[in-house]
file entry-v3.pdb (PDB, C-alpha atoms (C1' of nucleotides))
MODEL        1
ATOM      1  CA  MET A   1      15.377   0.633 -18.374  1.00  0.00           C
ATOM      2  CA  ILE A   2      13.448   2.845 -20.755  1.00  0.00           C
ATOM      3  CA  GLU A   3       9.725   3.166 -21.241  1.00  0.00           C
ATOM      4  CA  ASN A   4       9.648   1.174 -24.494  1.00  0.00           C
ATOM      5  CA  ASP A   5      10.851  -1.948 -22.696  1.00  0.00           C
ATOM      6  CA  VAL A   6       7.588  -2.118 -20.762  1.00  0.00           C
ATOM      7  CA  GLU A   7       4.377  -3.575 -22.156  1.00  0.00           C
ATOM      8  CA  ILE A   8       1.254  -2.282 -20.434  1.00  0.00           C
ATOM      9  CA  LEU A   9      -1.086  -4.712 -18.677  1.00  0.00           C
ATOM     10  CA  PRO A  10      -4.653  -4.686 -20.048  1.00  0.00           C
ATOM     11  CA  LYS A  11      -7.706  -4.116 -17.899  1.00  0.00           C
ATOM     12  CA  ALA A  12      -8.548  -7.807 -18.144  1.00  0.00           C
ATOM     13  CA  PHE A  13      -5.509  -8.608 -15.989  1.00  0.00           C
ATOM     14  CA  PHE A  14      -7.284  -7.088 -12.992  1.00  0.00           C
ATOM     15  CA  LEU A  15     -10.639  -8.831 -13.479  1.00  0.00           C
ATOM     16  CA  ASN A  16     -12.191 -12.228 -13.050  1.00  0.00           C
ATOM     17  CA  LYS A  17      -9.449 -13.853 -11.029  1.00  0.00           C
ATOM     18  CA  ASP A  18      -9.050 -14.572  -7.378  1.00  0.00           C
ATOM     19  CA  VAL A  19      -7.481 -11.545  -5.735  1.00  0.00           C
ATOM     20  CA  THR A  20      -4.714 -13.712  -4.251  1.00  0.00           C
ATOM     21  CA  GLU A  21      -3.864 -14.929  -7.756  1.00  0.00           C
ATOM     22  CA  ILE A  22      -3.649 -11.357  -8.972  1.00  0.00           C
ATOM     23  CA  ALA A  23      -1.442 -10.512  -5.989  1.00  0.00           C
ATOM     24  CA  ARG A  24       0.872 -13.371  -7.004  1.00  0.00           C
ATOM     25  CA  HIS A  25       0.898 -12.416 -10.657  1.00  0.00           C
ATOM     26  CA  LEU A  26       1.705  -8.802  -9.840  1.00  0.00           C
ATOM     27  CA  LEU A  27       5.091  -9.895  -8.490  1.00  0.00           C
ATOM     28  CA  GLY A  28       7.748  -9.030 -11.063  1.00  0.00           C
ATOM     29  CA  LYS A  29       5.472  -6.565 -12.842  1.00  0.00           C
ATOM     30  CA  ILE A  30       6.476  -2.926 -13.275  1.00  0.00           C
ATOM     31  CA  ILE A  31       4.891   0.217 -11.827  1.00  0.00           C
ATOM     32  CA  VAL A  32       5.526   3.216 -14.040  1.00  0.00           C
ATOM     33  CA  THR A  33       4.733   6.702 -12.806  1.00  0.00           C
ATOM     34  CA  TYR A  34       4.927  10.012 -14.621  1.00  0.00           C
ATOM     35  CA  ILE A  35       4.195  12.490 -11.848  1.00  0.00           C
ATOM     36  CA  ASN A  36       5.095  16.185 -11.720  1.00  0.00           C
ATOM     37  CA  GLY A  37       6.992  15.701 -14.953  1.00  0.00           C
ATOM     38  CA  GLU A  38       9.228  13.031 -13.470  1.00  0.00           C
ATOM     39  CA  TYR A  39       9.443   9.501 -14.815  1.00  0.00           C
ATOM     40  CA  THR A  40      10.121   6.624 -12.435  1.00  0.00           C
ATOM     41  CA  SER A  41       9.592   2.886 -12.600  1.00  0.00           C
ATOM     42  CA  ALA A  42      10.022  -0.041 -10.235  1.00  0.00           C
ATOM     43  CA  ARG A  43       9.540  -3.792 -10.122  1.00  0.00           C
ATOM     44  CA  ILE A  44       6.932  -5.116  -7.683  1.00  0.00           C
ATOM     45  CA  VAL A  45       8.541  -7.507  -5.201  1.00  0.00           C
ATOM     46  CA  GLU A  46       5.964  -7.749  -2.392  1.00  0.00           C
ATOM     47  CA  THR A  47       2.144  -7.680  -2.371  1.00  0.00           C
ATOM     48  CA  GLU A  48      -0.797  -8.411  -0.087  1.00  0.00           C
ATOM     49  CA  ALA A  49      -4.366  -9.362  -1.023  1.00  0.00           C
ATOM     50  CA  TYR A  50      -7.382  -7.767   0.691  1.00  0.00           C
ATOM     51  CA  ASP A  51     -10.919  -9.081   0.164  1.00  0.00           C
ATOM     52  CA  GLY A  52     -13.765  -6.902   1.373  1.00  0.00           C
ATOM     53  CA  THR A  53     -16.307  -9.704   1.015  1.00  0.00           C
ATOM     54  CA  VAL A  54     -14.804 -12.017   3.656  1.00  0.00           C
ATOM     55  CA  ASP A  55     -11.716 -10.406   5.198  1.00  0.00           C
ATOM     56  CA  LYS A  56     -11.837  -8.325   8.389  1.00  0.00           C
ATOM     57  CA  ALA A  57      -8.467  -6.767   7.560  1.00  0.00           C
ATOM     58  CA  CYS A  58      -9.940  -5.102   4.471  1.00  0.00           C
ATOM     59  CA  HIS A  59     -11.244  -1.550   4.834  1.00  0.00           C
ATOM     60  CA  ALA A  60     -14.291  -2.495   2.753  1.00  0.00           C
ATOM     61  CA  PHE A  61     -15.343  -5.410   4.999  1.00  0.00           C
ATOM     62  CA  PRO A  62     -18.117  -6.495   5.091  1.00  0.00           C
ATOM     63  CA  ASN A  63     -18.976  -5.104   1.647  1.00  0.00           C
ATOM     64  CA  LYS A  64     -19.184  -1.702   3.272  1.00  0.00           C
ATOM     65  CA  ILE A  65     -19.180   1.338   1.014  1.00  0.00           C
ATOM     66  CA  THR A  66     -17.850   4.545   2.566  1.00  0.00           C
ATOM     67  CA  ARG A  67     -16.232   7.613   1.012  1.00  0.00           C
ATOM     68  CA  ARG A  68     -12.846   6.047   1.459  1.00  0.00           C
ATOM     69  CA  THR A  69     -13.661   2.537   0.260  1.00  0.00           C
ATOM     70  CA  ALA A  70     -15.892   3.498  -2.675  1.00  0.00           C
ATOM     71  CA  VAL A  71     -13.110   3.110  -5.196  1.00  0.00           C
ATOM     72  CA  MET A  72     -12.638  -0.523  -4.155  1.00  0.00           C
ATOM     73  CA  PHE A  73     -16.144  -1.194  -5.432  1.00  0.00           C
ATOM     74  CA  SER A  74     -15.371   0.163  -8.873  1.00  0.00           C
ATOM     75  CA  GLU A  75     -14.115  -1.941 -11.760  1.00  0.00           C
ATOM     76  CA  GLY A  76     -10.640  -3.427 -11.406  1.00  0.00           C
ATOM     77  CA  GLY A  77      -7.596  -1.625 -12.762  1.00  0.00           C
ATOM     78  CA  ARG A  78      -7.818   1.529 -10.687  1.00  0.00           C
ATOM     79  CA  SER A  79      -5.720   2.822  -7.829  1.00  0.00           C
ATOM     80  CA  TYR A  80      -6.803   2.918  -4.203  1.00  0.00           C
ATOM     81  CA  VAL A  81      -4.506   5.229  -2.253  1.00  0.00           C
ATOM     82  CA  TYR A  82      -5.201   6.064   1.369  1.00  0.00           C
ATOM     83  CA  LEU A  83      -3.431   7.811   4.210  1.00  0.00           C
ATOM     84  CA  CYS A  84      -2.113   5.488   6.892  1.00  0.00           C
ATOM     85  CA  TYR A  85      -1.283   6.708  10.424  1.00  0.00           C
ATOM     86  CA  GLY A  86      -1.797  10.250   9.202  1.00  0.00           C
ATOM     87  CA  ILE A  87       1.550  10.217   7.425  1.00  0.00           C
ATOM     88  CA  HIS A  88       1.999   7.444   4.895  1.00  0.00           C
ATOM     89  CA  HIS A  89       0.317   7.073   1.533  1.00  0.00           C
ATOM     90  CA  LEU A  90      -0.316   3.410   0.680  1.00  0.00           C
ATOM     91  CA  PHE A  91      -0.822   2.350  -2.935  1.00  0.00           C
ATOM     92  CA  ASN A  92      -3.265  -0.428  -3.805  1.00  0.00           C
ATOM     93  CA  ILE A  93      -4.585  -1.848  -7.059  1.00  0.00           C
ATOM     94  CA  VAL A  94      -8.324  -2.468  -7.222  1.00  0.00           C
ATOM     95  CA  THR A  95      -9.363  -5.798  -8.748  1.00  0.00           C
ATOM     96  CA  GLN A  96     -12.525  -7.616  -9.806  1.00  0.00           C
ATOM     97  CA  GLU A  97     -15.644  -6.505 -11.590  1.00  0.00           C
ATOM     98  CA  GLU A  98     -17.600  -3.496 -10.409  1.00  0.00           C
ATOM     99  CA  GLY A  99     -19.327  -4.063  -7.070  1.00  0.00           C
ATOM    100  CA  ILE A 100     -16.800  -6.557  -5.639  1.00  0.00           C
ATOM    101  CA  PRO A 101     -14.368  -4.837  -3.250  1.00  0.00           C
ATOM    102  CA  LYS A 102     -10.974  -6.503  -3.450  1.00  0.00           C
ATOM    103  CA  ALA A 103      -7.556  -4.939  -3.824  1.00  0.00           C
ATOM    104  CA  VAL A 104      -3.835  -5.664  -3.731  1.00  0.00           C
ATOM    105  CA  LEU A 105      -1.507  -3.591  -1.562  1.00  0.00           C
ATOM    106  CA  ILE A 106       1.908  -2.914  -3.087  1.00  0.00           C
ATOM    107  CA  ARG A 107       4.227  -3.428  -0.120  1.00  0.00           C
ATOM    108  CA  ALA A 108       7.657  -3.147  -1.696  1.00  0.00           C
ATOM    109  CA  VAL A 109       9.319  -2.497  -5.029  1.00  0.00           C
ATOM    110  CA  GLU A 110      12.762  -2.589  -6.627  1.00  0.00           C
ATOM    111  CA  PRO A 111      13.802   0.700  -8.231  1.00  0.00           C
ATOM    112  CA  LEU A 112      14.428   0.662 -11.989  1.00  0.00           C
ATOM    113  CA  ALA A 113      14.225   4.095 -13.651  1.00  0.00           C
ATOM    114  CA  GLY A 114      14.657   7.351 -11.762  1.00  0.00           C
ATOM    115  CA  LYS A 115      16.456   6.059  -8.700  1.00  0.00           C
ATOM    116  CA  GLU A 116      17.935   9.473  -7.958  1.00  0.00           C
ATOM    117  CA  ILE A 117      14.454  11.009  -8.130  1.00  0.00           C
ATOM    118  CA  MET A 118      13.249   8.418  -5.636  1.00  0.00           C
ATOM    119  CA  LYS A 119      16.113   9.180  -3.248  1.00  0.00           C
ATOM    120  CA  ARG A 120      15.304  12.859  -3.386  1.00  0.00           C
ATOM    121  CA  ARG A 121      11.579  12.270  -2.793  1.00  0.00           C
ATOM    122  CA  ARG A 122      12.386  10.032   0.151  1.00  0.00           C
ATOM    123  CA  ASN A 123      15.258  12.133   1.451  1.00  0.00           C
ATOM    124  CA  CYS A 124      17.075   8.820   1.659  1.00  0.00           C
ATOM    125  CA  HIS A 125      20.633   7.985   0.714  1.00  0.00           C
ATOM    126  CA  HIS A 126      20.628   4.297   1.504  1.00  0.00           C
ATOM    127  CA  ASP A 127      19.474   1.818  -1.143  1.00  0.00           C
ATOM    128  CA  ARG A 128      18.299  -0.617   1.509  1.00  0.00           C
ATOM    129  CA  GLN A 129      15.696   1.738   2.953  1.00  0.00           C
ATOM    130  CA  LEU A 130      14.529   3.329  -0.288  1.00  0.00           C
ATOM    131  CA  THR A 131      11.495   1.232  -1.287  1.00  0.00           C
ATOM    132  CA  ASN A 132      11.245  -1.696   1.158  1.00  0.00           C
ATOM    133  CA  GLY A 133       7.822  -0.916   2.615  1.00  0.00           C
ATOM    134  CA  PRO A 134       4.399   0.242   1.423  1.00  0.00           C
ATOM    135  CA  GLY A 135       4.748   3.857   2.553  1.00  0.00           C
ATOM    136  CA  LYS A 136       8.305   4.048   1.251  1.00  0.00           C
ATOM    137  CA  ALA A 137       7.438   2.540  -2.133  1.00  0.00           C
ATOM    138  CA  ALA A 138       4.565   4.965  -2.728  1.00  0.00           C
ATOM    139  CA  GLN A 139       6.634   7.943  -1.653  1.00  0.00           C
ATOM    140  CA  ALA A 140       9.552   6.939  -3.883  1.00  0.00           C
ATOM    141  CA  LEU A 141       7.221   6.614  -6.854  1.00  0.00           C
ATOM    142  CA  GLY A 142       5.637   9.997  -6.135  1.00  0.00           C
ATOM    143  CA  ILE A 143       2.239   8.469  -5.379  1.00  0.00           C
ATOM    144  CA  SER A 144      -0.058  10.167  -2.845  1.00  0.00           C
ATOM    145  CA  THR A 145      -3.772  10.333  -2.111  1.00  0.00           C
ATOM    146  CA  LEU A 146      -3.954  12.790  -5.009  1.00  0.00           C
ATOM    147  CA  HIS A 147      -3.653   9.667  -7.143  1.00  0.00           C
ATOM    148  CA  ASN A 148      -6.582   7.806  -5.643  1.00  0.00           C
ATOM    149  CA  ASP A 149      -9.027   6.437  -8.232  1.00  0.00           C
ATOM    150  CA  VAL A 150      -6.634   6.652 -11.185  1.00  0.00           C
ATOM    151  CA  ILE A 151      -6.930   4.268 -14.140  1.00  0.00           C
ATOM    152  CA  LEU A 152      -3.886   2.008 -14.356  1.00  0.00           C
ATOM    153  CA  TYR A 153      -4.319   0.372 -17.767  1.00  0.00           C
ATOM    154  CA  GLN A 154      -3.667   3.307 -20.071  1.00  0.00           C
ATOM    155  CA  LYS A 155      -0.220   4.585 -20.942  1.00  0.00           C
ATOM    156  CA  ASN A 156      -1.159   8.242 -21.114  1.00  0.00           C
ATOM    157  CA  GLY A 157      -2.165   8.312 -17.448  1.00  0.00           C
ATOM    158  CA  MET A 158       0.012   9.211 -14.492  1.00  0.00           C
ATOM    159  CA  ILE A 159       0.460   5.611 -13.343  1.00  0.00           C
ATOM    160  CA  TYR A 160       0.356   2.324 -15.179  1.00  0.00           C
ATOM    161  CA  ILE A 161       1.336  -1.280 -14.604  1.00  0.00           C
ATOM    162  CA  GLY A 162       3.440  -3.135 -17.143  1.00  0.00           C
ATOM    163  CA  CYS A 163       5.524  -6.218 -17.663  1.00  0.00           C
ATOM    164  CA  GLU A 164       9.003  -6.578 -19.084  1.00  0.00           C
ATOM    165  CA  MET A 165       9.496  -8.190 -22.480  1.00  0.00           C
ATOM    166  CA  ASN A 166      11.703 -10.938 -21.110  1.00  0.00           C
ATOM    167  CA  ASN A 167      10.242 -12.096 -17.842  1.00  0.00           C
ATOM    168  CA  LEU A 168      12.666 -12.866 -15.061  1.00  0.00           C
ATOM    169  CA  LYS A 169      12.337 -16.095 -13.129  1.00  0.00           C
ATOM    170  CA  PHE A 170      11.983 -16.025  -9.354  1.00  0.00           C
ATOM    171  CA  GLU A 171      10.622 -18.035  -6.467  1.00  0.00           C
ATOM    172  CA  ILE A 172       7.600 -16.794  -4.534  1.00  0.00           C
ATOM    173  CA  ASN A 173       7.340 -16.960  -0.755  1.00  0.00           C
ATOM    174  CA  VAL A 174       3.990 -16.750   1.055  1.00  0.00           C
ATOM    175  CA  SER A 175       3.252 -15.538   4.584  1.00  0.00           C
ATOM    176  CA  THR A 176       0.635 -13.884   6.725  1.00  0.00           C
ATOM    177  CA  ARG A 177       0.098 -10.172   6.190  1.00  0.00           C
ATOM    178  CA  ILE A 178       1.911  -7.471   8.124  1.00  0.00           C
ATOM    179  CA  GLY A 179       0.260  -5.177  10.647  1.00  0.00           C
ATOM    180  CA  VAL A 180      -3.262  -6.638  10.583  1.00  0.00           C
ATOM    181  CA  ASP A 181      -3.413  -8.263  14.012  1.00  0.00           C
ATOM    182  CA  TYR A 182      -6.657  -6.400  14.696  1.00  0.00           C
ATOM    183  CA  ALA A 183      -8.360  -8.686  12.129  1.00  0.00           C
ATOM    184  CA  GLY A 184      -8.522 -11.701  14.463  1.00  0.00           C
ATOM    185  CA  GLU A 185      -8.602 -15.019  12.608  1.00  0.00           C
ATOM    186  CA  ASP A 186      -8.258 -13.270   9.258  1.00  0.00           C
ATOM    187  CA  ALA A 187      -4.811 -12.060  10.297  1.00  0.00           C
ATOM    188  CA  LYS A 188      -3.705 -15.669   9.808  1.00  0.00           C
ATOM    189  CA  LEU A 189      -4.636 -15.801   6.128  1.00  0.00           C
ATOM    190  CA  PRO A 190      -1.576 -16.532   3.933  1.00  0.00           C
ATOM    191  CA  TRP A 191      -2.184 -13.600   1.666  1.00  0.00           C
ATOM    192  CA  ARG A 192       1.220 -11.936   1.543  1.00  0.00           C
ATOM    193  CA  PHE A 193       3.457 -12.747  -1.410  1.00  0.00           C
ATOM    194  CA  TYR A 194       7.032 -11.746  -2.053  1.00  0.00           C
ATOM    195  CA  ILE A 195       9.996 -12.577  -4.236  1.00  0.00           C
ATOM    196  CA  LYS A 196      12.335 -14.871  -2.371  1.00  0.00           C
ATOM    197  CA  ASN A 197      15.691 -13.360  -1.428  1.00  0.00           C
ATOM    198  CA  ASN A 198      14.924  -9.994  -2.981  1.00  0.00           C
ATOM    199  CA  PRO A 199      16.714  -7.349  -0.886  1.00  0.00           C
ATOM    200  CA  ASN A 200      13.871  -4.843  -1.306  1.00  0.00           C
ATOM    201  CA  VAL A 201      11.286  -6.984   0.487  1.00  0.00           C
ATOM    202  CA  SER A 202      10.152  -5.353   3.743  1.00  0.00           C
ATOM    203  CA  LYS A 203      10.608  -8.430   5.895  1.00  0.00           C
ATOM    204  CA  GLN A 204      11.930 -11.848   4.856  1.00  0.00           C
TER     205      GLN A 204
ATOM    206  C1'  DC B   1     -19.058  16.666  16.946  1.00  0.00           C
ATOM    207  C1'  DA B   2     -15.863  14.267  19.931  1.00  0.00           C
ATOM    208  C1'  DG B   3     -13.134  10.266  20.344  1.00  0.00           C
ATOM    209  C1'  DA B   4     -10.587   6.297  18.943  1.00  0.00           C
ATOM    210  C1'  DG B   5      -7.484   3.973  16.166  1.00  0.00           C
ATOM    211  C1'  DG B   6      -4.759   2.718  12.149  1.00  0.00           C
ATOM    212  C1'  DA B   7      -2.587  -2.273   5.735  1.00  0.00           C
ATOM    213  C1'  DT B   8       3.892   2.687   8.836  1.00  0.00           C
ATOM    214  C1'  DC B   9       8.259   4.810   9.409  1.00  0.00           C
ATOM    215  C1'  DC B  10      11.942   7.023  11.763  1.00  0.00           C
ATOM    216  C1'  DT B  11      14.730   7.899  15.667  1.00  0.00           C
ATOM    217  C1'  DC B  12      16.452   6.889  19.338  1.00  0.00           C
ATOM    218  C1'  DT B  13      18.435   3.331  23.012  1.00  0.00           C
TER     219       DT B  13
ATOM    220  C1'  DG C   1      12.764  -2.980  20.245  1.00  0.00           C
ATOM    221  C1'  DA C   2      10.153   0.812  21.977  1.00  0.00           C
ATOM    222  C1'  DG C   3       7.778   5.059  21.301  1.00  0.00           C
ATOM    223  C1'  DG C   4       6.178   9.116  18.950  1.00  0.00           C
ATOM    224  C1'  DA C   5       4.588  11.439  14.775  1.00  0.00           C
ATOM    225  C1'  DT C   6       0.229  12.914  12.616  1.00  0.00           C
ATOM    226  C1'  DC C   7      -4.433  13.258  10.487  1.00  0.00           C
ATOM    227  C1'  DC C   8      -8.074  11.114   8.137  1.00  0.00           C
ATOM    228  C1'  DT C   9     -11.943   8.106   8.554  1.00  0.00           C
ATOM    229  C1'  DC C  10     -15.535   6.034  10.855  1.00  0.00           C
ATOM    230  C1'  DT C  11     -18.567   5.522  14.797  1.00  0.00           C
ATOM    231  C1'  DG C  12     -21.991   6.712  18.043  1.00  0.00           C
ATOM    232  C1'  DA C  13     -24.676  10.069  20.201  1.00  0.00           C
TER     233       DA C  13
ENDMDL
END

call {"tool": "encode", "arguments": {"input": "entry-v3.pdb", "output": "structure tokens"}}
result
Amino acid sequence: MIENDVEILPKAFFLNKDVTEIARHLLGKIIVTYINGEYTSARIVETEAYDGTVDKACHAFPNKITRRTAVMFSEGGRSYVYLCYGIHHLFNIVTQEEGIPKAVLIRAVEPLAGKEIMKRRRNCHHDRQLTNGPGKAAQALGISTLHNDVILYQKNGMIYIGCEMNNLKFEINVSTRIGVDYAGEDAKLPWRFYIKNNPNVSKQ
DNA sequence: CAGAGGATCCTCT
DNA sequence: GAGGATCCTCTGA
């Protein structure tokens, strides 16, 4: 896959829709990164929605602005990258108009361009373990907290989201989100979406 | 300013 | 499947 095959998603894609709908529609889309002079791209195969207005699992709940969550309150189409367990950098896409804190976590991707670069970044020689989790996907794509609050709808940036010219067909599975048991009842929300039978999904 | 805990991953067994 | 790594963020005083 080369860069010209990818059409960039406009800012409007990230606004004015339910965050779970955006999480669904992000499946099959492409993350392109151009970081440290290295070009990589990957297809999104697993996402989770987080809604800071109603959802205890969201860092910004309940509409709480802190240094970390501030970017979630900005206009949709930006990155929210945070450090998880002191080790892993998790990549999210902020959605909605300014002031409404909702985001989509990218939980797994399928490598397209730059697979060897990803293997080197991950120090990983097995395809199965390369990008099948949120920390792994971000690391493979070269994304870290350095790339927090980055605009995702312009092609001259470090990261953008695109779609392929000829869209592939796939079935979508829905489940509860992973690792949010602390959120009580909200842990039961069916806000995880993934491409059925895709081998890069973190957990079928 | 100390303490607790986490949207995970890797390495064992 | 269990446990440790590792450090930032938030809380409460």

call {"tool": "closest_residue", "arguments": {"input": "entry-v3.pdb", "among": "A:Thr69, A:Thr53, A:Thr20, A:Asn148", "to": "chain C", "atoms": "all atoms listed in the file"}}
result
A:Thr69

call {"tool": "resolve_selection", "arguments": {"input": "entry-v3.pdb", "expression": "the PyMOL selection byres ((chain B and resi 2-12) around 7)", "output": "ChimeraX atom specification"}}
result
/A:84-85,88,135,179-180 /B:1,13

call {"tool": "resolve_selection", "arguments": {"input": "entry-v3.pdb", "expression": "the PyMOL selection byres ((chain A and resi 108) around 12)", "output": "number ranges by chain"}}
result
A: 26-31, 42-48, 90-92, 104-107, 109-111, 128-141, 192-195, 198-204

call {"tool": "interface_residues", "arguments": {"input": "entry-v3.pdb", "of": "chain C", "to": "chain A", "cutoff": "10 Å", "atoms": "only C-alpha atoms (C1' of nucleotides)", "output": "list in words"}}
result
DA5, DT6, DC7, DC8, DT9 and DC10 of chain C

call {"tool": "axis_aligned_box", "arguments": {"input": "entry-v3.pdb", "around": "chain C", "padding_each_side": "5 Å", "output": "AutoDock Vina command-line options"}}
result
--center_x -6.0 --center_y 5.1 --center_z 15.1 --size_x 47.4 --size_y 26.2 --size_z 23.8
